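Okay, so here's the structure we're looking at.
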Amino acid sequence: MTNPRNISLSDDNQSLCELPVLSGTTGPDVIDVQTLYKQTGMFTYDPGFNSTASCRSTITYIDGDEGVLLYRGYPIEQLAQQCTFLEVCYLLLKGELPDSGQLKEFQYNITMHTMVHDQLTNFFKGFRRDAHPMAIMVGVVGALSAFYHDALDIKSKKDREMCAIRLIAKVPTIVAMCHKYSSGMPFMHPKNKLNYVENFMRMMLATPCDEYEPNPVLVRALDRILILHADHEQNASTSTVRLAGSSGANPFACVTAGIACLWGAAHGGANEAVLNMLEKIGDVSRIPEFIAKAKDKNDSFRLMGFGHRVYKNYDPRATLMRETCHEVLNELDLHDMKLFKLAVELERIALEDDYFIEKKLYPNVDFYSGIVLHALGIPTNMFTAMFAMGRTVGWIAHWDEMIADPEQKIGRPRQLYTGADRRDIPADHVKTSL
């Protein structure tokens, strides 16, 4: 990070202040406005913080115009094709890819912490069976700090590493338990002989009377989904984790805050919305009708899973997910099933229609991941929980980076107040009795 120059702020040719301009490794320069109020008595106004860098970070870089996504400098395309999810977890947490010895130790530590405290299972009994899995997940993950309080000194790097291991290991177990509970089925305990994704799929899909045999193509597909969702820079849920963590809250509470934020339909519910849209369309013959509705400016209908707020070009994750999607459909021979025929035809139109090409409304990662999860047998109401499982490592990496950052302060955004000015209670006001 360099500081090569200042920028001047003036009003009617009168200089108000000079602010440093900071340059990162890549991407736009930023104006350091920390002293703006002190120098001018004014704040910046930036709803949604879309033009504000809230921190320095070395974890993830996005160039939405060029369709670039880097984890610790590595292109997402290379990571998804050449690495496993646990290798990517190590990379996000440690900054470098592990060698064989480091990976073996990391995998062992994760495997040894996949079980949850037996008393934690009693928490599930307090929820209705029809409770949304995300509601259950928020409650149960938030309760982890009550069971694993032996390593909650956030100033201790060793404690932070233990919390990271526990969260990466236990969140899949909790996600599977949420599914089993809402389905009225018994919990399936983890098995140490299975790898990370195989173990999760068994906990999700096996029953005491019907064992689950991992399919390498399907395991790899889910592994890739987790890699593609592991981090995405300073998005809403990651920023929520950082904001909660800035107060000194424990990591389990901070990740719970991230899960709650992700639950919002505008953030983590997009792949679920894709499946709902496909079911609404219902048949390939109705696609032209819905395409026309999507093109009509006066119609509120929107094609879910197309375009992206950040990526103004093709979402680099979508290219990988498209390949994975077709691998899964071929493996399971699902191309002729109604839902998947709909998806394939919508994809074809979006990639060939001039309207979609001109507006760059390409299928995004949510379009394909929803289809893949459905093909894997994951219920639609579990999609956001699956997203949270993949994103947990990103949240923890950002939380750890924030705690270790000497510049970090407790989050305290300012506001542009537009309410009533100071006023007095009328003299004839009669106080009501309590």
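Each chain of the structure tokens is named A, B, ... in the order shown, its residues numbered from 1; ligands are numbered from 1 in display order.
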
Range 284-310 of chain A residues near range 358-363 of chain A within 9 Å, closest pair each, using only C-alpha atoms, as a Markdown table:
| residue | atom | partner | partner_atom | distance |
| --- | --- | --- | --- | --- |
| A:Met304 | CA | A:Pro363 | CA | 8.8 |
| A:Gly305 | CA | A:Pro363 | CA | 5.8 |
| A:Phe306 | CA | A:Pro363 | CA | 4.4 |
| A:Gly307 | CA | A:Leu361 | CA | 4.2 |
| A:His308 | CA | A:Leu361 | CA | 7.8 |

- Message: Based on the backbone DSSP call, show me all residues of range 189-318 of chain A assigned helix (DSSP H, G or I), as a PyMOL selection string.
- Response: chain A and resi 196-205+216-229+236-245+251-262+270-281+284-295+316-318

- Query: Neighbours of Pro251 in chain A within 12 Å (only C-alpha atoms; same-chain residues fewer than 5 positions away dropped), as a ChimeraX atom specification?
  - Reply: /A:141-146,148-149,151-155,159-168,241-246,256-258,392-393,395-400,402-403

6 Å contact set for range 315-328 of chain A, only C-alpha atoms, chain neighbours under 5 positions out, as a PDB file with N, CA and C atoms, in the first residue's frame:
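selection20.pdb, freshly written:
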ATOM      1  N   GLY A  67     -14.705  -9.236 -15.008  1.00  0.00           N
ATOM      2  CA  GLY A  67     -15.100 -10.589 -14.640  1.00  0.00           C
ATOM      3  C   GLY A  67     -13.975 -11.355 -13.971  1.00  0.00           C
ATOM      4  N   ALA A 221     -18.796 -31.961  -7.647  1.00  0.00           N
ATOM      5  CA  ALA A 221     -19.689 -30.846  -7.967  1.00  0.00           C
ATOM      6  C   ALA A 221     -19.971 -30.001  -6.731  1.00  0.00           C
ATOM      7  N   ASN A 364     -25.836 -16.394 -14.046  1.00  0.00           N
ATOM      8  CA  ASN A 364     -24.807 -16.230 -13.022  1.00  0.00           C
ATOM      9  C   ASN A 364     -24.660 -17.508 -12.206  1.00  0.00           C
ATOM     10  N   VAL A 365     -23.802 -17.469 -11.208  1.00  0.00           N
ATOM     11  CA  VAL A 365     -23.508 -18.674 -10.431  1.00  0.00           C
ATOM     12  C   VAL A 365     -24.757 -19.212  -9.727  1.00  0.00           C
ATOM     13  N   TYR A 368     -26.932 -21.657 -11.990  1.00  0.00           N
ATOM     14  CA  TYR A 368     -26.444 -23.021 -12.125  1.00  0.00           C
ATOM     15  C   TYR A 368     -26.374 -23.760 -10.795  1.00  0.00           C
ATOM     16  N   VAL A 372     -27.858 -27.471  -9.788  1.00  0.00           N
ATOM     17  CA  VAL A 372     -26.991 -28.555  -9.338  1.00  0.00           C
ATOM     18  C   VAL A 372     -27.437 -29.069  -7.969  1.00  0.00           C
TER      19      VAL A 372
END

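The space separating CA of Val21 in chain A from CA of Pro413 in chain A comes to 20.9 Å.
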
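Shortest separation to Ala404 in chain A among A:Gln78, A:Ser237, A:Asp296, A:Ser156 occurs at residue A:Ser156, atoms counted being only C-alpha atoms.
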
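Distance check against Thr380 in chain A using only C-alpha atoms: of A:Pro406, A:Pro214, A:Pro186, A:Pro133, the minimum falls on A:Pro133.
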
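Atom pair CA of Gly419 in chain A / CA of Pro47 in chain A has a distance of 17.1 Å (rounded to one decimal).
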
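Reported to one decimal place, the separation of CA of Leu97 in chain A from CA of Leu222 in chain A is 20.3 Å.
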
- Message: Can you tell me which residues surround His232 in chain A at a distance of at most 9 Å, considering only C-alpha atoms, apart from same-chain residues fewer than 6 positions away, and format the answer as number ranges by chain?
- Response: A: 60-62, 69, 71, 238, 391, 394

Can you list, as a compact mmCIF listing (two decimals) with C-alpha atoms, in the first residue's frame, every protein, DNA or RNA residue that comes within 12 Å of range 29-42 of chain A when you count only C-alpha atoms, leaving out same-chain residues fewer than 3 positions away?
# COMPACT_ATOMS: atom_id res chain seq x y z
CA MET A 1 0.00 0.00 0.00
CA THR A 2 1.51 3.32 -1.08
CA ASN A 3 0.56 6.94 -0.54
CA PRO A 4 1.93 8.82 -3.56
CA ARG A 5 -0.23 11.93 -3.52
CA ASN A 6 -2.97 14.01 -1.89
CA ILE A 7 -6.25 15.29 -3.29
CA SER A 8 -7.62 18.72 -2.46
CA LEU A 9 -11.23 19.51 -1.56
CA SER A 10 -12.26 23.09 -2.20
CA ASP A 11 -15.40 25.25 -2.06
CA GLN A 14 -11.17 28.10 -1.22
CA SER A 15 -9.23 25.07 -0.09
CA LEU A 16 -11.04 23.10 2.61
CA CYS A 17 -8.65 20.20 3.17
CA GLU A 18 -6.19 17.80 1.65
CA LEU A 19 -6.83 14.09 1.81
CA PRO A 20 -4.39 11.24 1.09
CA VAL A 21 -4.94 9.00 -1.92
CA LEU A 22 -4.08 5.37 -1.21
CA SER A 23 -3.20 2.73 -3.80
CA GLY A 24 -3.63 -0.99 -3.36
CA THR A 25 -2.00 -3.89 -5.20
CA THR A 26 -4.61 -3.55 -7.93
CA TYR A 45 -22.83 10.41 2.31
CA SER A 51 -18.15 3.96 -2.88
CA THR A 52 -16.52 3.39 0.50
CA ALA A 53 -13.64 1.09 1.41
CA SER A 54 -14.25 0.11 5.03
CA CYS A 55 -10.99 -1.76 5.54
CA ARG A 56 -7.70 -2.93 4.09
CA GLU A 407 -6.01 0.16 12.28
CA LYS A 409 -11.84 0.44 15.09
CA PRO A 413 -21.24 4.79 10.52
CA ARG A 414 -22.45 8.39 10.50
CA GLN A 415 -25.78 9.64 9.21
CA LEU A 416 -27.43 12.51 7.38
